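Visitor: Following this line is upload32.cif, made up of mmCIF, C-alpha atoms:
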```cif
data_final
loop_
_atom_site.group_PDB
_atom_site.id
_atom_site.type_symbol
_atom_site.label_atom_id
_atom_site.label_comp_id
_atom_site.auth_asym_id
_atom_site.auth_seq_id
_atom_site.Cartn_x
_atom_site.Cartn_y
_atom_site.Cartn_z
ATOM 1 C CA MET M 856 0.000 0.000 0.000
ATOM 2 C CA GLY M 857 1.379 3.382 -0.926
ATOM 3 C CA GLY M 858 4.817 4.118 -2.253
ATOM 4 C CA TRP M 859 7.196 6.955 -2.843
ATOM 5 C CA ALA M 860 5.983 9.296 -5.537
ATOM 6 C CA PRO M 861 7.595 9.238 -9.005
ATOM 7 C CA GLY M 862 10.872 11.082 -8.959
ATOM 8 C CA LEU M 863 11.425 10.358 -5.269
ATOM 9 C CA ALA M 864 12.397 6.714 -5.673
ATOM 10 C CA ALA M 865 16.038 5.954 -4.949
ATOM 11 C CA ALA M 866 18.482 5.667 -7.820
ATOM 12 C CA PRO M 867 19.970 2.149 -8.260
ATOM 13 C CA ALA M 868 23.411 3.402 -7.163
ATOM 14 C CA ASP M 869 22.032 4.762 -3.883
ATOM 15 C CA PRO M 870 18.971 2.893 -2.573
ATOM 16 C CA ARG M 871 18.955 4.843 0.699
ATOM 17 C CA HIS M 872 17.105 8.015 1.599
ATOM 18 C CA TYR M 873 17.220 10.106 4.759
ATOM 19 C CA THR M 874 13.618 10.698 5.693
ATOM 20 C CA CYS M 875 10.987 10.748 8.441
ATOM 21 C CA LEU M 876 9.114 7.647 9.458
ATOM 22 C CA LEU M 877 6.562 6.585 12.011
ATOM 23 C CA ALA M 878 5.165 3.361 13.423
ATOM 24 C CA VAL M 879 1.659 2.965 14.800
ATOM 25 C CA ASP M 880 0.256 0.345 17.161
ATOM 26 C CA VAL M 881 -3.281 -0.138 18.468
ATOM 27 C CA VAL M 882 -3.185 -0.255 22.264
ATOM 28 C CA GLY M 883 -4.535 -3.563 23.603
ATOM 29 C CA PHE M 884 -5.304 -4.903 20.117
ATOM 30 C CA SER M 885 -5.141 -8.569 21.160
ATOM 31 C CA ALA M 886 -6.834 -8.162 24.549
ATOM 32 C CA PRO M 887 -9.088 -11.135 25.453
ATOM 33 C CA HIS M 888 -12.277 -9.053 25.203
ATOM 34 C CA ARG M 889 -11.560 -8.155 21.568
ATOM 35 C CA ASP M 890 -12.741 -10.747 19.080
ATOM 36 C CA GLU M 891 -11.824 -10.814 15.393
ATOM 37 C CA ALA M 892 -14.753 -8.609 14.412
ATOM 38 C CA ILE M 893 -13.613 -5.872 16.812
ATOM 39 C CA GLN M 894 -10.006 -6.252 15.674
ATOM 40 C CA GLU M 895 -11.018 -5.911 12.029
ATOM 41 C CA GLU M 896 -13.001 -2.751 12.775
ATOM 42 C CA LEU M 897 -10.115 -1.267 14.764
ATOM 43 C CA ARG M 898 -7.696 -1.931 11.891
ATOM 44 C CA SER M 899 -10.002 -0.236 9.408
ATOM 45 C CA ALA M 900 -10.579 2.730 11.718
ATOM 46 C CA THR M 901 -6.831 3.165 12.317
ATOM 47 C CA TYR M 902 -6.060 3.395 8.614
ATOM 48 C CA GLU M 903 -8.903 5.829 7.987
ATOM 49 C CA LEU M 904 -8.048 8.062 10.943
ATOM 50 C CA LEU M 905 -4.355 8.168 10.096
ATOM 51 C CA ARG M 906 -5.084 8.983 6.457
ATOM 52 C CA ARG M 907 -7.378 11.835 7.480
ATOM 53 C CA ALA M 908 -4.900 13.105 10.072
ATOM 54 C CA PHE M 909 -2.169 13.173 7.416
ATOM 55 C CA GLU M 910 -4.404 15.154 5.082
ATOM 56 C CA MET M 911 -5.270 17.643 7.845
ATOM 57 C CA THR M 912 -1.547 18.047 8.599
ATOM 58 C CA TRP M 913 -0.625 18.548 4.932
ATOM 59 C CA LEU M 914 1.311 15.291 4.835
ATOM 60 C CA PRO M 915 1.120 13.371 1.513
ATOM 61 C CA TRP M 916 -0.450 10.044 2.498
ATOM 62 C CA GLN M 917 -0.658 8.800 -1.108
ATOM 63 C CA ALA M 918 3.082 9.407 -1.608
ATOM 64 C CA CYS M 919 4.085 7.488 1.539
ATOM 65 C CA HIS M 920 5.337 3.925 1.738
ATOM 66 C CA VAL M 921 2.972 2.022 4.063
ATOM 67 C CA GLU M 922 3.541 -1.486 5.425
ATOM 68 C CA ASP M 923 0.824 -3.279 7.377
ATOM 69 C CA ARG M 924 1.921 -4.833 10.669
ATOM 70 C CA GLY M 925 -1.304 -6.580 11.731
ATOM 71 C CA ASP M 926 -2.085 -4.466 14.784
ATOM 72 C CA GLY M 927 -0.465 -1.377 13.319
ATOM 73 C CA MET M 928 1.638 -0.069 10.465
ATOM 74 C CA LEU M 929 4.919 1.433 9.348
ATOM 75 C CA VAL M 930 4.758 4.670 7.368
ATOM 76 C CA VAL M 931 7.812 6.076 5.556
ATOM 77 C CA LEU M 932 7.398 9.604 4.238
ATOM 78 C CA PRO M 933 8.925 10.949 1.028
ATOM 79 C CA PRO M 934 12.326 12.566 1.584
ATOM 80 C CA GLY M 935 12.304 16.272 2.325
ATOM 81 C CA MET M 936 9.105 16.433 4.377
ATOM 82 C CA PRO M 937 9.322 18.812 7.371
ATOM 83 C CA GLY M 938 9.734 16.681 10.486
ATOM 84 C CA HIS M 939 7.927 19.057 12.856
ATOM 85 C CA LEU M 940 4.599 18.171 11.218
ATOM 86 C CA LEU M 941 4.854 14.679 12.723
ATOM 87 C CA LEU M 942 5.003 16.065 16.263
ATOM 88 C CA ASP M 943 2.420 18.529 17.623
ATOM 89 C CA PRO M 944 0.374 19.024 14.429
ATOM 90 C CA LEU M 945 -0.166 15.318 13.725
ATOM 91 C CA GLY M 946 -0.566 14.449 17.408
ATOM 92 C CA HIS M 947 -3.251 17.101 17.967
ATOM 93 C CA HIS M 948 -5.177 16.065 14.858
ATOM 94 C CA LEU M 949 -5.114 12.380 15.810
ATOM 95 C CA GLY M 950 -6.117 13.192 19.369
ATOM 96 C CA ALA M 951 -9.062 15.345 18.302
ATOM 97 C CA MET M 952 -10.386 12.762 15.852
ATOM 98 C CA LEU M 953 -10.031 9.915 18.347
ATOM 99 C CA ARG M 954 -11.868 11.857 21.051
ATOM 100 C CA HIS M 955 -14.720 12.379 18.611
ATOM 101 C CA SER M 956 -14.708 8.772 17.365
ATOM 102 C CA ASN M 957 -14.496 7.181 20.799
ATOM 103 C CA ARG M 958 -17.617 8.978 22.031
ATOM 104 C CA CYS M 959 -19.666 6.439 20.099
ATOM 105 C CA ARG M 960 -17.575 3.385 20.998
ATOM 106 C CA SER M 961 -17.921 0.893 23.819
ATOM 107 C CA GLU M 962 -14.947 0.352 26.103
ATOM 108 C CA ALA M 963 -14.213 -2.894 24.252
ATOM 109 C CA SER M 964 -13.888 -1.063 20.939
ATOM 110 C CA ARG M 965 -12.252 2.156 22.175
ATOM 111 C CA LEU M 966 -9.398 3.000 19.834
ATOM 112 C CA ARG M 967 -6.139 4.198 21.363
ATOM 113 C CA LEU M 968 -2.840 4.538 19.508
ATOM 114 C CA ARG M 969 0.851 4.435 20.307
ATOM 115 C CA VAL M 970 2.855 6.311 17.680
ATOM 116 C CA ALA M 971 6.656 6.333 17.429
ATOM 117 C CA VAL M 972 8.363 8.954 15.265
ATOM 118 C CA SER M 973 11.950 9.141 14.092
ATOM 119 C CA ALA M 974 14.164 10.045 11.149
ATOM 120 C CA GLY M 975 17.111 8.371 9.481
ATOM 121 C CA PHE M 976 18.364 6.506 6.457
ATOM 122 C CA VAL M 977 15.897 4.001 5.019
ATOM 123 C CA ARG M 978 16.795 1.465 2.358
ATOM 124 C CA ARG M 979 14.330 0.157 -0.224
ATOM 125 C CA ASP M 980 14.623 -3.460 -1.352
ATOM 126 C CA PRO M 981 12.314 -5.960 -3.113
ATOM 127 C CA TYR M 982 10.656 -6.820 0.227
ATOM 128 C CA GLY M 983 9.938 -3.324 1.533
ATOM 129 C CA VAL M 984 12.164 -1.051 3.610
ATOM 130 C CA ALA M 985 14.962 -1.733 6.070
ATOM 131 C CA GLY M 986 17.789 -0.067 7.934
ATOM 132 C CA HIS M 987 18.882 0.883 11.435
ATOM 133 C CA ALA M 988 16.333 3.711 11.458
ATOM 134 C CA VAL M 989 13.478 1.230 11.003
ATOM 135 C CA ILE M 990 14.810 -1.061 13.743
ATOM 136 C CA HIS M 991 15.259 1.866 16.137
ATOM 137 C CA LEU M 992 11.742 3.107 15.389
ATOM 138 C CA PHE M 993 10.183 -0.194 16.424
ATOM 139 C CA ARG M 994 12.342 -0.351 19.545
ATOM 140 C CA LEU M 995 10.739 2.967 20.516
ATOM 141 C CA LEU M 996 7.259 1.683 19.718
ATOM 142 C CA GLU M 997 7.684 -1.527 21.725
ATOM 143 C CA ALA M 998 9.531 -0.024 24.691
ATOM 144 C CA PRO M 999 7.918 -1.118 27.995
ATOM 145 C CA ALA M 1000 8.289 2.435 29.331
ATOM 146 C CA PHE M 1001 6.187 3.749 26.435
ATOM 147 C CA LYS M 1002 3.464 1.136 26.956
ATOM 148 C CA GLU M 1003 3.376 1.847 30.672
ATOM 149 C CA ALA M 1004 3.238 5.605 30.156
ATOM 150 C CA ILE M 1005 0.214 5.542 27.862
ATOM 151 C CA GLU M 1006 -1.614 3.142 30.164
ATOM 152 C CA LEU M 1007 -1.005 5.390 33.160
ATOM 153 C CA SER M 1008 -2.070 8.486 31.242
ATOM 154 C CA GLY M 1009 -5.265 6.944 29.863
ATOM 155 C CA SER M 1010 -4.738 9.061 26.735
ATOM 156 C CA ASP M 1011 -6.116 8.223 23.321
ATOM 157 C CA VAL M 1012 -2.749 9.010 21.678
ATOM 158 C CA GLY M 1013 0.795 8.587 22.911
ATOM 159 C CA LEU M 1014 3.535 10.010 20.686
ATOM 160 C CA LEU M 1015 7.169 9.036 21.314
ATOM 161 C CA VAL M 1016 9.836 10.935 19.372
ATOM 162 C CA GLY M 1017 13.440 9.875 18.915
ATOM 163 C CA ASP M 1018 15.919 12.103 20.737
ATOM 164 C CA ARG M 1019 17.873 13.299 17.697
ATOM 165 C CA MET M 1020 14.748 14.177 15.732
ATOM 166 C CA PHE M 1021 13.245 15.940 18.743
ATOM 167 C CA GLU M 1022 16.329 18.078 19.280
ATOM 168 C CA ASP M 1023 16.580 18.882 15.566
ATOM 169 C CA VAL M 1024 12.928 19.942 15.395
ATOM 170 C CA THR M 1025 12.808 21.935 18.623
ATOM 171 C CA GLY M 1026 16.108 23.598 17.795
ATOM 172 C CA SER M 1027 14.886 24.747 14.388
ATOM 173 C CA GLY M 1028 12.294 27.193 15.700
ATOM 174 C CA ALA M 1029 9.364 25.104 14.441
ATOM 175 C CA TYR M 1030 6.105 25.319 16.372
ATOM 176 C CA VAL M 1031 6.399 22.577 18.975
ATOM 177 C CA GLU M 1032 5.285 22.923 22.599
ATOM 178 C CA ARG M 1033 8.444 21.496 24.091
ATOM 179 C CA GLU M 1034 7.022 21.741 27.604
ATOM 180 C CA ARG M 1035 4.361 19.179 26.663
ATOM 181 C CA TYR M 1036 7.045 16.508 26.163
ATOM 182 C CA ARG M 1037 8.887 14.618 28.845
ATOM 183 C CA PRO M 1038 11.968 12.417 28.483
ATOM 184 C CA VAL M 1039 11.532 8.649 28.589
ATOM 185 C CA HIS M 1040 14.379 6.189 29.051
ATOM 186 C CA VAL M 1041 13.898 3.505 26.396
ATOM 187 C CA VAL M 1042 15.270 0.027 27.052
ATOM 188 C CA CYS M 1043 14.183 -2.552 24.465
ATOM 189 C CA LYS M 1044 16.366 -5.482 23.380
ATOM 190 C CA GLU M 1045 19.766 -4.035 22.432
ATOM 191 C CA THR M 1046 18.479 -0.456 22.393
ATOM 192 C CA LYS M 1047 19.077 1.995 25.232
ATOM 193 C CA ALA M 1048 18.112 5.537 24.357
ATOM 194 C CA THR M 1049 16.278 8.673 25.399
ATOM 195 C CA ALA M 1050 13.051 9.612 23.638
ATOM 196 C CA TRP M 1051 10.407 12.284 24.203
ATOM 197 C CA LEU M 1052 6.797 11.528 25.102
ATOM 198 C CA TRP M 1053 3.698 13.558 24.242
ATOM 199 C CA THR M 1054 0.207 12.433 25.187
ATOM 200 C CA SER M 1055 -3.156 13.790 24.093
ATOM 201 C CA GLY M 1056 -5.430 15.421 26.632
ATOM 202 C CA SER M 1057 -3.955 17.117 29.646
ATOM 203 C CA ALA M 1058 -0.203 17.591 29.940
#
```
Go ahead and express the file in the form of structure tokens.

Guide:
Amino acid sequence: MGGWAPGLAAAPADPRHYTCLLAVDVVGFSAPHRDEAIQEELRSATYELLRRAFEMTWLPWQACHVEDRGDGMLVVLPPGMPGHLLLDPLGHHLGAMLRHSNRCRSEASRLRLRVAVSAGFVRRDPYGVAGHAVIHLFRLLEAPAFKEAIELSGSDVGLLVGDRMFEDVTGSGAYVERERYRPVHVVCKETKATAWLWTSGSA
């Protein structure tokens, strides 16, 4: 699903691009109270909400490379997209739409999302995308500290941003409410790193 737009694909001599990427996971997707019908609806709703949030944030969903991950997805943006759009703007849009959507949902079908955001070199191959940036992104997404934080907050959206991307964005003068983020120590498999957490709702 999706793919880099014509003219943005890597040349054969250099299959790597430095770009922004994000990974999304549905909180509690495989919980015992969620049967296959609920899981299917949550998957469909996640794709639709993310597509709409991208459009509201002026991010080119149709030009992105999207890989399904069962209970979530990997999204690689075209090179050159402004990274700050993936922080506050995207987080606020997702949070607003989820608050509206969840008003009509039972607790069993309430949709909550963990979103990890980073930037780095991504390599295209016949099977999809790969690279240290992709591995690091999913270490952020699966970090126990991130899962615990969103559960404790009760928020509809938890956004965890890699340290280097966060410092680059906040140091560029882009509109980001730095005070809404707090540092999180990520320990997941071989990865030990600092990342920055934003949650929807109250600070």

Visitor: Need the shell around region 918-928 of chain M: protein/DNA/RNA residues with any atom at most 10 Å away, counting only C-alpha atoms. Skip same-chain ones fewer than 3 positions apart. Format as an mmCIF file with C-alpha atoms, keeping the file's coordinate frame?

Guide:
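Saved result, around29.cif, follows:
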```cif
data_model
loop_
_atom_site.group_PDB
_atom_site.id
_atom_site.type_symbol
_atom_site.label_atom_id
_atom_site.label_comp_id
_atom_site.auth_asym_id
_atom_site.auth_seq_id
_atom_site.Cartn_x
_atom_site.Cartn_y
_atom_site.Cartn_z
ATOM 1 C CA MET M 856 0.000 0.000 0.000
ATOM 2 C CA GLY M 857 1.379 3.382 -0.926
ATOM 3 C CA GLY M 858 4.817 4.118 -2.253
ATOM 4 C CA TRP M 859 7.196 6.955 -2.843
ATOM 5 C CA ALA M 860 5.983 9.296 -5.537
ATOM 6 C CA PRO M 861 7.595 9.238 -9.005
ATOM 7 C CA LEU M 863 11.425 10.358 -5.269
ATOM 8 C CA LEU M 876 9.114 7.647 9.458
ATOM 9 C CA LEU M 877 6.562 6.585 12.011
ATOM 10 C CA ALA M 878 5.165 3.361 13.423
ATOM 11 C CA VAL M 879 1.659 2.965 14.800
ATOM 12 C CA ASP M 880 0.256 0.345 17.161
ATOM 13 C CA VAL M 881 -3.281 -0.138 18.468
ATOM 14 C CA VAL M 882 -3.185 -0.255 22.264
ATOM 15 C CA GLY M 883 -4.535 -3.563 23.603
ATOM 16 C CA PHE M 884 -5.304 -4.903 20.117
ATOM 17 C CA SER M 885 -5.141 -8.569 21.160
ATOM 18 C CA GLN M 894 -10.006 -6.252 15.674
ATOM 19 C CA GLU M 895 -11.018 -5.911 12.029
ATOM 20 C CA LEU M 897 -10.115 -1.267 14.764
ATOM 21 C CA ARG M 898 -7.696 -1.931 11.891
ATOM 22 C CA THR M 901 -6.831 3.165 12.317
ATOM 23 C CA TYR M 902 -6.060 3.395 8.614
ATOM 24 C CA LEU M 914 1.311 15.291 4.835
ATOM 25 C CA PRO M 915 1.120 13.371 1.513
ATOM 26 C CA VAL M 931 7.812 6.076 5.556
ATOM 27 C CA LEU M 932 7.398 9.604 4.238
ATOM 28 C CA PRO M 933 8.925 10.949 1.028
ATOM 29 C CA PRO M 934 12.326 12.566 1.584
ATOM 30 C CA LEU M 968 -2.840 4.538 19.508
ATOM 31 C CA ARG M 969 0.851 4.435 20.307
ATOM 32 C CA VAL M 970 2.855 6.311 17.680
ATOM 33 C CA ARG M 979 14.330 0.157 -0.224
ATOM 34 C CA GLY M 983 9.938 -3.324 1.533
ATOM 35 C CA VAL M 984 12.164 -1.051 3.610
#
```

Visitor: Determine the nearest neighbour of Leu949 (chain M) from the options M:Leu929, M:Ala1000, M:Leu904, M:Ala988, counting all atoms listed in the file.

Guide: M:Leu904

Visitor: How many Å separate CA of His1040 (chain M) from CA of Ala886 (chain M)?

Guide: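 Computing the Euclidean distance for CA of His1040 (chain M) and CA of Ala886 (chain M) yields 26.0 Å.
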
Visitor: Compare M:Tyr982, M:Phe909, M:Phe976, M:Trp916 by their minimum atom-to-atom distance to Pro870 (chain M), counting all atoms listed in the file, and give me the closest one.

Guide: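 Looking at the shortest contact to Pro870 (chain M), the residue is M:Phe976.
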
Visitor: Selection in question (the file shown): the PyMOL selection byres ((chain M and resi 1035) around 10). Which residues does it include, as a PDB file with C-alpha atoms, keeping the file's coordinate frame?

Guide:
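Saved the output as part24.pdb:
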```pdb
ATOM      1  CA  ASP M 943       2.420  18.529  17.623  1.00  0.00           C
ATOM      2  CA  VAL M1031       6.399  22.577  18.975  1.00  0.00           C
ATOM      3  CA  GLU M1032       5.285  22.923  22.599  1.00  0.00           C
ATOM      4  CA  ARG M1033       8.444  21.496  24.091  1.00  0.00           C
ATOM      5  CA  GLU M1034       7.022  21.741  27.604  1.00  0.00           C
ATOM      6  CA  TYR M1036       7.045  16.508  26.163  1.00  0.00           C
ATOM      7  CA  ARG M1037       8.887  14.618  28.845  1.00  0.00           C
ATOM      8  CA  TRP M1051      10.407  12.284  24.203  1.00  0.00           C
ATOM      9  CA  LEU M1052       6.797  11.528  25.102  1.00  0.00           C
ATOM     10  CA  TRP M1053       3.698  13.558  24.242  1.00  0.00           C
ATOM     11  CA  THR M1054       0.207  12.433  25.187  1.00  0.00           C
ATOM     12  CA  SER M1055      -3.156  13.790  24.093  1.00  0.00           C
ATOM     13  CA  SER M1057      -3.955  17.117  29.646  1.00  0.00           C
ATOM     14  CA  ALA M1058      -0.203  17.591  29.940  1.00  0.00           C
TER      15      ALA M1058
END
```

Visitor: Nearest residue to His872 (chain M) out of M:Val977, M:Met952, M:Cys1043, M:Leu1014, using all atoms listed in the file?

Guide: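 For His872 (chain M), the nearest of the given residues is M:Val977.
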
Visitor: Pick out the residues sitting within 9 Å of region 953-962 of chain M, and hand them over as a PyMOL selection string; count only C-alpha atoms, and ignore anything fewer than 3 positions along from it in its own chain.

Guide: chain M and resi 904+948-950+965-967+1011-1012

Visitor: To one decimal place, how far is CA of Phe1001 (chain M) from CA of Val1024 (chain M) in Å?

Guide: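 That distance, rounded to one decimal, is 20.7 Å.
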
Visitor: Using the chain letters and numbers from this file, what does the PyMOL selection byres ((chain M and resi 1044-1049) around 9) select? Give the answer as a VMD selection string.

Guide: chain M and resid 991 994 to 995 998 1017 to 1018 1038 to 1043 1050 to 1051

Visitor: Between CA of Val930 (chain M) and CA of Ala974 (chain M), what distance in Å does the model show, to one decimal?

Guide: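 Calculated distance between CA of Val930 (chain M) and CA of Ala974 (chain M) is 11.5 Å.
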
Visitor: Counting all atoms listed in the file, which residue out of M:Pro999, M:Gly1013, M:Pro981, M:Tyr873 sits closest to Met936 (chain M)?

Guide: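 Selected residue with least distance to Met936 (chain M): M:Tyr873.
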
Visitor: Please provide as an NGL selection string all residues within 12 Å of His939 (chain M), with the sequence filter that same-chain residues fewer than 3 positions apart are discarded (counting only C-alpha atoms).

Guide: :M and (875-876 or 912-914 or 935-936 or 942-946 or 972-974 or 1016 or 1020-1033)

Visitor: How big is the axis-aligned box around the listed atoms of region 985-999 of chain M once 5 Å is added on each side, and where is its centre? Give both in Å to one decimal, as JSON.

Guide:
```
{"center_x": 13.1, "center_y": 1.0, "center_z": 17.0, "size_x": 21.6, "size_y": 15.4, "size_z": 31.9}
```

Visitor: Counting all atoms listed in the file, which residue out of M:Leu996, M:Ala892, M:Ala951, M:Ala985 sits closest to Arg907 (chain M)?

Guide: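 Ranked by minimum distance to Arg907 (chain M), first place goes to M:Ala951.
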
Visitor: Could I get region 958-968 of chain M from the block written out with all heavy atoms, as a PDB file, in the first residue's frame?

Guide:
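Produced file result-v8.pdb, reproduced below:
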```pdb
ATOM      1  N   ARG M 958     -16.366   8.661  21.348  1.00  0.00           N
ATOM      2  CA  ARG M 958     -17.617   8.978  22.031  1.00  0.00           C
ATOM      3  C   ARG M 958     -18.695   7.955  21.728  1.00  0.00           C
ATOM      4  O   ARG M 958     -19.584   7.717  22.547  1.00  0.00           O
ATOM      5  CB  ARG M 958     -18.121  10.366  21.613  1.00  0.00           C
ATOM      6  CG  ARG M 958     -17.253  11.536  22.066  1.00  0.00           C
ATOM      7  CD  ARG M 958     -17.929  12.854  21.692  1.00  0.00           C
ATOM      8  NE  ARG M 958     -18.311  12.881  20.289  1.00  0.00           N
ATOM      9  CZ  ARG M 958     -19.156  13.746  19.750  1.00  0.00           C
ATOM     10  NH1 ARG M 958     -19.725  14.670  20.518  1.00  0.00           N
ATOM     11  NH2 ARG M 958     -19.433  13.717  18.457  1.00  0.00           N
ATOM     12  N   CYS M 959     -18.634   7.372  20.541  1.00  0.00           N
ATOM     13  CA  CYS M 959     -19.666   6.439  20.099  1.00  0.00           C
ATOM     14  C   CYS M 959     -19.213   4.980  20.210  1.00  0.00           C
ATOM     15  O   CYS M 959     -19.881   4.090  19.687  1.00  0.00           O
ATOM     16  CB  CYS M 959     -20.053   6.734  18.651  1.00  0.00           C
ATOM     17  SG  CYS M 959     -20.648   8.414  18.379  1.00  0.00           S
ATOM     18  N   ARG M 960     -18.102   4.737  20.876  1.00  0.00           N
ATOM     19  CA  ARG M 960     -17.575   3.385  20.998  1.00  0.00           C
ATOM     20  C   ARG M 960     -17.753   2.852  22.419  1.00  0.00           C
ATOM     21  O   ARG M 960     -17.708   3.612  23.388  1.00  0.00           O
ATOM     22  CB  ARG M 960     -16.086   3.350  20.648  1.00  0.00           C
ATOM     23  CG  ARG M 960     -15.784   3.613  19.182  1.00  0.00           C
ATOM     24  CD  ARG M 960     -14.280   3.611  18.943  1.00  0.00           C
ATOM     25  NE  ARG M 960     -13.950   3.785  17.540  1.00  0.00           N
ATOM     26  CZ  ARG M 960     -13.827   2.792  16.677  1.00  0.00           C
ATOM     27  NH1 ARG M 960     -13.977   1.538  17.098  1.00  0.00           N
ATOM     28  NH2 ARG M 960     -13.545   3.030  15.420  1.00  0.00           N
ATOM     29  N   SER M 961     -17.932   1.532  22.515  1.00  0.00           N
ATOM     30  CA  SER M 961     -17.921   0.893  23.819  1.00  0.00           C
ATOM     31  C   SER M 961     -16.484   0.815  24.311  1.00  0.00           C
ATOM     32  O   SER M 961     -15.538   1.045  23.558  1.00  0.00           O
ATOM     33  CB  SER M 961     -18.502  -0.520  23.712  1.00  0.00           C
ATOM     34  OG  SER M 961     -17.647  -1.350  22.927  1.00  0.00           O
ATOM     35  N   GLU M 962     -16.307   0.467  25.570  1.00  0.00           N
ATOM     36  CA  GLU M 962     -14.947   0.352  26.103  1.00  0.00           C
ATOM     37  C   GLU M 962     -14.179  -0.749  25.374  1.00  0.00           C
ATOM     38  O   GLU M 962     -12.962  -0.628  25.160  1.00  0.00           O
ATOM     39  CB  GLU M 962     -14.991   0.048  27.607  1.00  0.00           C
ATOM     40  CG  GLU M 962     -13.638   0.058  28.285  1.00  0.00           C
ATOM     41  CD  GLU M 962     -12.897   1.378  28.139  1.00  0.00           C
ATOM     42  OE1 GLU M 962     -13.568   2.431  28.119  1.00  0.00           O
ATOM     43  OE2 GLU M 962     -11.649   1.355  28.053  1.00  0.00           O
ATOM     44  N   ALA M 963     -14.870  -1.788  24.959  1.00  0.00           N
ATOM     45  CA  ALA M 963     -14.213  -2.894  24.252  1.00  0.00           C
ATOM     46  C   ALA M 963     -13.673  -2.467  22.898  1.00  0.00           C
ATOM     47  O   ALA M 963     -12.694  -3.044  22.398  1.00  0.00           O
ATOM     48  CB  ALA M 963     -15.185  -4.060  24.076  1.00  0.00           C
ATOM     49  N   SER M 964     -14.312  -1.483  22.275  1.00  0.00           N
ATOM     50  CA  SER M 964     -13.888  -1.063  20.939  1.00  0.00           C
ATOM     51  C   SER M 964     -13.244   0.321  20.929  1.00  0.00           C
ATOM     52  O   SER M 964     -13.025   0.896  19.860  1.00  0.00           O
ATOM     53  CB  SER M 964     -15.084  -1.076  19.975  1.00  0.00           C
ATOM     54  OG  SER M 964     -16.069  -0.140  20.383  1.00  0.00           O
ATOM     55  N   ARG M 965     -12.921   0.853  22.115  1.00  0.00           N
ATOM     56  CA  ARG M 965     -12.252   2.156  22.175  1.00  0.00           C
ATOM     57  C   ARG M 965     -10.892   2.061  21.482  1.00  0.00           C
ATOM     58  O   ARG M 965     -10.111   1.148  21.749  1.00  0.00           O
ATOM     59  CB  ARG M 965     -12.063   2.591  23.621  1.00  0.00           C
ATOM     60  CG  ARG M 965     -11.366   3.950  23.764  1.00  0.00           C
ATOM     61  CD  ARG M 965     -11.035   4.252  25.212  1.00  0.00           C
ATOM     62  NE  ARG M 965     -10.248   5.482  25.326  1.00  0.00           N
ATOM     63  CZ  ARG M 965      -9.594   5.838  26.433  1.00  0.00           C
ATOM     64  NH1 ARG M 965      -9.651   5.072  27.516  1.00  0.00           N
ATOM     65  NH2 ARG M 965      -8.896   6.962  26.455  1.00  0.00           N
ATOM     66  N   LEU M 966     -10.641   3.006  20.611  1.00  0.00           N
ATOM     67  CA  LEU M 966      -9.398   3.000  19.834  1.00  0.00           C
ATOM     68  C   LEU M 966      -8.389   3.952  20.462  1.00  0.00           C
ATOM     69  O   LEU M 966      -8.644   5.149  20.609  1.00  0.00           O
ATOM     70  CB  LEU M 966      -9.678   3.409  18.385  1.00  0.00           C
ATOM     71  CG  LEU M 966      -8.475   3.458  17.436  1.00  0.00           C
ATOM     72  CD1 LEU M 966      -7.757   2.118  17.378  1.00  0.00           C
ATOM     73  CD2 LEU M 966      -8.927   3.885  16.038  1.00  0.00           C
ATOM     74  N   ARG M 967      -7.244   3.411  20.828  1.00  0.00           N
ATOM     75  CA  ARG M 967      -6.139   4.198  21.363  1.00  0.00           C
ATOM     76  C   ARG M 967      -4.878   3.816  20.593  1.00  0.00           C
ATOM     77  O   ARG M 967      -4.706   2.648  20.220  1.00  0.00           O
ATOM     78  CB  ARG M 967      -5.955   3.940  22.863  1.00  0.00           C
ATOM     79  CG  ARG M 967      -7.202   4.248  23.671  1.00  0.00           C
ATOM     80  CD  ARG M 967      -7.060   3.743  25.092  1.00  0.00           C
ATOM     81  NE  ARG M 967      -5.998   4.452  25.805  1.00  0.00           N
ATOM     82  CZ  ARG M 967      -5.211   3.866  26.709  1.00  0.00           C
ATOM     83  NH1 ARG M 967      -5.333   2.582  26.990  1.00  0.00           N
ATOM     84  NH2 ARG M 967      -4.275   4.571  27.312  1.00  0.00           N
ATOM     85  N   LEU M 968      -4.000   4.781  20.368  1.00  0.00           N
ATOM     86  CA  LEU M 968      -2.840   4.538  19.508  1.00  0.00           C
ATOM     87  C   LEU M 968      -1.535   4.926  20.197  1.00  0.00           C
ATOM     88  O   LEU M 968      -1.450   5.972  20.842  1.00  0.00           O
ATOM     89  CB  LEU M 968      -2.964   5.343  18.205  1.00  0.00           C
ATOM     90  CG  LEU M 968      -4.161   5.037  17.305  1.00  0.00           C
ATOM     91  CD1 LEU M 968      -4.168   5.987  16.112  1.00  0.00           C
ATOM     92  CD2 LEU M 968      -4.135   3.588  16.831  1.00  0.00           C
TER      93      LEU M 968
END
```
